[in-house]
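Okay, upload-v7.tsv is below, TSV, C-alpha atoms:
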```
chain	number	residue	atom	x	y	z
A	1	MET	CA	-16.78	-9.22	-75.95
A	2	LEU	CA	-16.54	-8.16	-72.31
A	3	ARG	CA	-13.89	-5.76	-71.04
A	4	LYS	CA	-13.21	-5.30	-67.38
A	5	ALA	CA	-10.50	-3.30	-65.63
A	6	VAL	CA	-8.53	-5.47	-63.23
A	7	GLY	CA	-5.72	-3.92	-61.19
A	8	GLY	CA	-5.14	-1.16	-63.73
A	9	MET	CA	-5.13	-3.57	-66.69
A	10	VAL	CA	-7.90	-4.14	-69.15
A	11	VAL	CA	-8.81	-7.77	-69.55
A	12	THR	CA	-10.77	-8.77	-72.65
A	13	MET	CA	-12.87	-11.91	-72.55
A	14	VAL	CA	-14.58	-13.48	-75.51
A	15	VAL	CA	-17.97	-14.85	-74.58
A	16	GLY	CA	-19.31	-17.61	-76.81
A	17	SER	CA	-18.08	-20.73	-78.43
A	18	VAL	CA	-14.65	-21.30	-79.86
A	19	VAL	CA	-14.65	-22.51	-83.45
A	20	GLY	CA	-14.09	-26.26	-83.65
A	21	THR	CA	-14.33	-26.99	-79.92
A	22	GLY	CA	-17.76	-25.82	-78.87
A	23	SER	CA	-16.49	-24.32	-75.61
A	24	VAL	CA	-13.96	-21.91	-74.20
A	25	GLU	CA	-13.17	-24.44	-71.46
A	26	ALA	CA	-11.68	-26.88	-73.97
A	27	GLN	CA	-9.02	-24.28	-74.81
A	28	ALA	CA	-8.06	-23.47	-71.23
A	29	PRO	CA	-4.74	-24.85	-70.00
A	30	THR	CA	-4.82	-27.11	-66.98
A	31	TRP	CA	-3.46	-25.93	-63.63
A	32	GLN	CA	-0.61	-28.39	-64.21
A	33	ASP	CA	0.15	-26.77	-67.60
A	34	VAL	CA	0.15	-23.34	-65.96
A	35	GLN	CA	2.56	-24.53	-63.26
A	36	VAL	CA	4.92	-26.13	-65.78
A	37	SER	CA	4.91	-22.97	-67.90
A	38	ASP	CA	5.61	-20.90	-64.79
A	39	ILE	CA	8.57	-23.09	-63.83
A	40	GLU	CA	9.92	-22.86	-67.40
A	41	GLY	CA	9.69	-19.07	-67.24
A	42	MET	CA	11.47	-18.94	-63.89
A	43	HIS	CA	14.19	-21.23	-65.24
A	44	GLU	CA	14.85	-18.88	-68.14
A	45	LYS	CA	14.94	-15.81	-65.87
A	46	PHE	CA	17.17	-17.35	-63.21
A	47	LYS	CA	19.56	-18.52	-65.92
A	48	ALA	CA	19.49	-15.18	-67.75
A	49	LEU	CA	20.32	-13.31	-64.54
A	50	ALA	CA	23.02	-15.82	-63.59
A	51	GLY	CA	24.60	-15.16	-66.99
A	52	ALA	CA	24.16	-11.38	-66.82
A	53	PHE	CA	26.06	-11.00	-63.54
A	54	ASP	CA	29.83	-10.91	-63.84
A	55	GLU	CA	31.27	-13.78	-61.82
A	56	SER	CA	33.05	-11.22	-59.61
A	57	GLN	CA	29.58	-10.02	-58.53
A	58	TYR	CA	28.47	-13.49	-57.39
A	59	ASP	CA	29.81	-12.81	-53.87
A	60	TRP	CA	27.96	-9.48	-53.57
A	61	ARG	CA	25.36	-9.23	-50.83
A	62	PRO	CA	23.40	-6.15	-49.76
A	63	MET	CA	24.66	-6.44	-46.15
A	64	GLU	CA	26.28	-8.88	-43.77
A	65	GLY	CA	24.08	-11.83	-42.85
A	66	VAL	CA	22.05	-11.70	-46.08
A	67	ARG	CA	22.34	-14.12	-49.00
A	68	SER	CA	24.79	-13.27	-51.78
A	69	VAL	CA	24.00	-13.51	-55.49
A	70	LEU	CA	25.61	-16.97	-55.50
A	71	ASP	CA	23.62	-17.99	-52.42
A	72	VAL	CA	20.33	-17.05	-54.10
A	73	LEU	CA	21.26	-18.95	-57.26
A	74	GLY	CA	22.31	-21.92	-55.13
A	75	LEU	CA	18.99	-21.73	-53.32
A	76	ALA	CA	17.11	-21.94	-56.63
A	77	VAL	CA	19.12	-25.04	-57.58
A	78	ALA	CA	18.61	-26.68	-54.18
A	79	GLU	CA	14.88	-26.01	-54.21
A	80	ALA	CA	14.45	-27.29	-57.77
A	81	HIS	CA	16.25	-30.48	-56.79
A	82	LEU	CA	14.63	-31.04	-53.41
A	83	PHE	CA	11.06	-29.68	-53.46
A	84	PRO	CA	9.93	-32.87	-55.26
A	85	THR	CA	11.07	-34.97	-52.29
A	86	GLY	CA	8.07	-33.55	-50.40
A	87	TRP	CA	5.86	-34.85	-53.20
A	88	GLY	CA	7.09	-38.44	-53.00
A	89	TYR	CA	9.93	-38.24	-55.54
A	90	ASP	CA	13.59	-39.05	-55.05
A	91	ALA	CA	16.11	-36.25	-55.43
A	92	PRO	CA	18.41	-36.66	-58.43
A	93	PRO	CA	21.59	-38.62	-57.68
A	94	THR	CA	23.77	-35.58	-58.39
A	95	SER	CA	22.27	-33.61	-55.49
A	96	GLU	CA	23.18	-33.86	-51.83
A	97	PRO	CA	20.67	-35.72	-49.64
A	98	GLY	CA	19.69	-32.87	-47.29
A	99	PHE	CA	18.48	-29.35	-48.03
A	100	TYR	CA	21.35	-27.54	-46.27
A	101	GLU	CA	23.92	-29.89	-47.76
A	102	GLU	CA	22.52	-29.33	-51.26
A	103	LEU	CA	22.36	-25.58	-50.65
A	104	GLU	CA	26.01	-25.57	-49.60
A	105	ARG	CA	27.02	-27.64	-52.64
A	106	ALA	CA	25.12	-25.43	-55.07
A	107	ALA	CA	26.28	-22.16	-53.50
A	108	ALA	CA	29.92	-23.16	-54.08
A	109	LEU	CA	29.65	-23.53	-57.86
A	110	SER	CA	31.53	-21.42	-60.39
A	111	LYS	CA	29.51	-19.32	-62.81
A	112	ALA	CA	29.90	-21.87	-65.62
A	113	ASP	CA	28.89	-24.72	-63.31
A	114	MET	CA	25.97	-22.70	-61.94
A	115	LEU	CA	24.61	-22.08	-65.45
A	116	ARG	CA	24.74	-25.83	-66.15
A	117	GLU	CA	23.26	-26.71	-62.76
A	118	LEU	CA	20.35	-24.29	-63.26
A	119	ASP	CA	19.51	-26.23	-66.42
A	120	VAL	CA	19.85	-29.62	-64.74
A	121	SER	CA	17.86	-28.72	-61.63
A	122	PHE	CA	15.03	-26.90	-63.40
A	123	ASP	CA	14.80	-29.61	-66.06
A	124	PHE	CA	14.37	-32.10	-63.21
A	125	LEU	CA	11.66	-30.00	-61.55
A	126	ILE	CA	9.84	-29.47	-64.85
A	127	GLU	CA	9.96	-33.19	-65.63
A	128	VAL	CA	8.52	-34.06	-62.21
A	129	VAL	CA	5.66	-31.54	-62.34
A	130	ALA	CA	4.84	-32.22	-66.01
A	131	GLY	CA	4.86	-35.97	-65.46
A	132	MET	CA	2.56	-36.08	-62.45
A	133	SER	CA	-0.73	-37.90	-62.87
A	134	GLU	CA	-3.86	-36.30	-61.49
A	135	SER	CA	-3.88	-38.81	-58.61
A	136	GLU	CA	-0.27	-37.89	-57.77
A	137	ARG	CA	-1.18	-34.20	-57.77
A	138	MET	CA	-4.11	-34.84	-55.41
A	139	ALA	CA	-2.11	-37.10	-53.06
A	140	ALA	CA	-0.89	-36.04	-49.63
A	141	GLY	CA	2.40	-34.20	-49.75
A	142	GLU	CA	4.28	-31.66	-47.72
A	143	TYR	CA	6.09	-28.36	-47.90
A	144	PHE	CA	8.93	-28.12	-45.37
A	145	GLY	CA	7.14	-30.61	-43.14
A	146	GLN	CA	3.73	-28.92	-43.40
A	147	PRO	CA	1.18	-31.41	-44.78
A	148	MET	CA	-0.80	-30.36	-47.84
A	149	PRO	CA	-1.92	-31.88	-51.15
A	150	VAL	CA	0.89	-32.13	-53.70
A	151	HIS	CA	-0.77	-29.67	-56.12
A	152	ALA	CA	-0.94	-27.06	-53.33
A	153	SER	CA	2.66	-27.74	-52.31
A	154	VAL	CA	3.76	-27.18	-55.92
A	155	ALA	CA	1.98	-23.81	-55.90
A	156	VAL	CA	3.51	-22.78	-52.56
A	157	ALA	CA	6.95	-23.90	-53.74
A	158	MET	CA	6.63	-21.83	-56.92
A	159	ASN	CA	5.59	-18.82	-54.87
A	160	ASP	CA	8.73	-19.28	-52.77
A	161	MET	CA	10.91	-19.53	-55.88
A	162	HIS	CA	9.34	-16.35	-57.30
A	163	GLU	CA	10.32	-14.58	-54.10
A	164	HIS	CA	13.96	-15.58	-54.69
A	165	LEU	CA	13.72	-14.51	-58.33
A	166	GLY	CA	12.52	-11.10	-57.15
A	167	GLN	CA	15.41	-10.97	-54.70
A	168	LEU	CA	17.84	-11.70	-57.52
A	169	ILE	CA	16.25	-9.02	-59.72
A	170	ALA	CA	16.70	-6.49	-56.90
A	171	TYR	CA	20.35	-7.58	-56.53
A	172	ALA	CA	20.83	-7.13	-60.27
A	173	ARG	CA	19.32	-3.65	-60.35
A	174	THR	CA	21.39	-2.61	-57.33
A	175	ASN	CA	24.52	-3.71	-59.21
A	176	ARG	CA	23.46	-2.02	-62.46
A	177	VAL	CA	22.80	-5.38	-64.09
A	178	VAL	CA	19.76	-5.08	-66.34
A	179	PRO	CA	17.67	-8.24	-66.50
A	180	PRO	CA	18.14	-9.41	-70.10
A	181	TRP	CA	14.40	-9.79	-70.74
A	182	SER	CA	13.80	-6.12	-69.90
A	183	ARG	CA	16.58	-4.52	-71.92
A	184	GLY	CA	15.20	-1.70	-73.98
A	185	ASN	CA	12.24	-1.28	-71.62
A	186	ASP	CA	14.07	0.87	-69.06
```

Rewrite the structure of this file - the entire thing - as structure tokens.
Amino acid sequence: MLRKAVGGMVVTMVVGSVVGTGSVEAQAPTWQDVQVSDIEGMHEKFKALAGAFDESQYDWRPMEGVRSVLDVLGLAVAEAHLFPTGWGYDAPPTSEPGFYEELERAAALSKADMLRELDVSFDFLIEVVAGMSESERMAAGEYFGQPMPVHASVAVAMNDMHEHLGQLIAYARTNRVVPPWSRGND
């Protein structure tokens, strides 16, 4: 066993073979599996925060000219629906055809509709990323017009969505809304 401190955390690695497989590599998830798991985790957190805010707080924004809670949730929905269009997929028929049009549609939803739409949009994104073949992941794609392989665009898109999740967490804390997954840890 090898222990190494990384960024203040101790990481333990088992060196040797894994019973029944002959290698540690056989047990490692694929990059695609990691990305799908990450999207599933973001889905749960966006939805949990959307449910934790009172609907009267959806219009709150930290200052003029900055996205509101509803705007950030709408952005998550729009991105989940439309990022796959840069990877060669059609947007779902329920979404608006352009990014700003979809953002406007999603940012006008009620709390109940937003909770449903978070499920629909993230389920769509998860289905797309989970269903990609290796050749589709390696194909040319784009991220907001910038050319890059699809697998890299997925990673950049997830990074962008994590930024918005962090923004929503900050909004929650500012409004004394405790993220449901951290209750009892404060």

Selected residue of minimal separation from Glu102 in chain A among A:Gly184, A:Gly88, A:Gly74, A:Pro29, counting all atoms listed in the file: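 Among A:Gly184, A:Gly88, A:Gly74, A:Pro29, it is A:Gly74 that comes nearest to Glu102 in chain A.
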
Among listed residues A:Ala28, A:Leu70, A:Val150, A:Leu115, nearest Leu103 in chain A (using all atoms listed in the file):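 Checking each candidate against Leu103 in chain A, we get A:Leu70 as the closest.
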
d(CA of Gly86 in chain A, CA of Gly145 in chain A) in Å: 7.9 Å

For Arg176 in chain A: contacts at 12 Å, all atoms listed in the file, fewer than 3 positions along chain excluded, given as a VMD selection string: chain A and resid 49 52 to 54 57 169 to 173 179 to 180 183 186

Spatial neighbours of Met132 in chain A, max dist 10 Å, all atoms listed in the file, sep filter under 3 positions, as a VMD selection string: chain A and resid 32 87 127 to 129 135 to 138 150 to 151

Keeping only C-alpha atoms, write those residues as an mmCIF file, in the frame of the given file.
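result_30.cif, freshly written:
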```cif
data_model
loop_
_atom_site.group_PDB
_atom_site.id
_atom_site.type_symbol
_atom_site.label_atom_id
_atom_site.label_comp_id
_atom_site.auth_asym_id
_atom_site.auth_seq_id
_atom_site.Cartn_x
_atom_site.Cartn_y
_atom_site.Cartn_z
ATOM 1 C CA GLN A 32 -0.610 -28.390 -64.210
ATOM 2 C CA TRP A 87 5.860 -34.850 -53.200
ATOM 3 C CA GLU A 127 9.960 -33.190 -65.630
ATOM 4 C CA VAL A 128 8.520 -34.060 -62.210
ATOM 5 C CA VAL A 129 5.660 -31.540 -62.340
ATOM 6 C CA SER A 135 -3.880 -38.810 -58.610
ATOM 7 C CA GLU A 136 -0.270 -37.890 -57.770
ATOM 8 C CA ARG A 137 -1.180 -34.200 -57.770
ATOM 9 C CA MET A 138 -4.110 -34.840 -55.410
ATOM 10 C CA VAL A 150 0.890 -32.130 -53.700
ATOM 11 C CA HIS A 151 -0.770 -29.670 -56.120
#
```

Counting all atoms listed in the file, the residue of A:Thr174, A:Ser110, A:Ser182, A:Thr85 that sits nearest Glu142 in chain A: A:Thr85

Point-to-point distance in Å for CA of Phe83 in chain A and CA of Glu101 in chain A: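 Calculated distance between CA of Glu101 in chain A and CA of Phe83 in chain A is 14.1 Å.
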
Distance query Arg105 in chain A at most 12 Å, only C-alpha atoms, self and fewer than 2 positions along chain excluded, as number ranges by chain: A: 70-71, 73-75, 77-78, 81, 94-103, 107-110, 113-114, 117

Two-atom distance - CA of Glu64 in chain A, CA of Ala157 in chain A (Å): 26.4 Å

Nearest to Pro62 in chain A by atom-to-atom distance, counting all atoms listed in the file, from A:Ala48, A:Val154, A:Ala139, A:Leu168: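 Checking each candidate against Pro62 in chain A, we get A:Leu168 as the closest.
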
Give as a short mmCIF file (atom, residue, chain, number, x, y, z; two decimals) with C-alpha atoms, in the coordinates of the input each residue that has an atom at most 6 Å from (13.5, -26.1, -64.6) in the file, counting only C-alpha atoms.
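point_10.cif, freshly written:
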```
data_model
loop_
_atom_site.label_atom_id
_atom_site.label_comp_id
_atom_site.auth_asym_id
_atom_site.auth_seq_id
_atom_site.Cartn_x
_atom_site.Cartn_y
_atom_site.Cartn_z
CA ILE A 39 8.57 -23.09 -63.83
CA GLU A 40 9.92 -22.86 -67.40
CA HIS A 43 14.19 -21.23 -65.24
CA SER A 121 17.86 -28.72 -61.63
CA PHE A 122 15.03 -26.90 -63.40
CA ASP A 123 14.80 -29.61 -66.06
CA LEU A 125 11.66 -30.00 -61.55
CA ILE A 126 9.84 -29.47 -64.85
#
```

Selected residue, from A:Lys45, A:Val72, A:Pro84, A:Ala152, that lies nearest to Ala106 in chain A when counting all atoms listed in the file: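 With all atoms listed in the file as the atom set, the closest residue is A:Val72.
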
Nearest-residue call for Leu165 in chain A, choices A:Ala91, A:Phe46, A:Val177, A:Trp31, using all atoms listed in the file: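 Closest candidate: A:Phe46.
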
Near-His162 in chain A list (8 Å; all atoms listed in the file; drop same-chain fewer than 4 positions) as a PyMOL selection string: chain A and resi 42+158+166
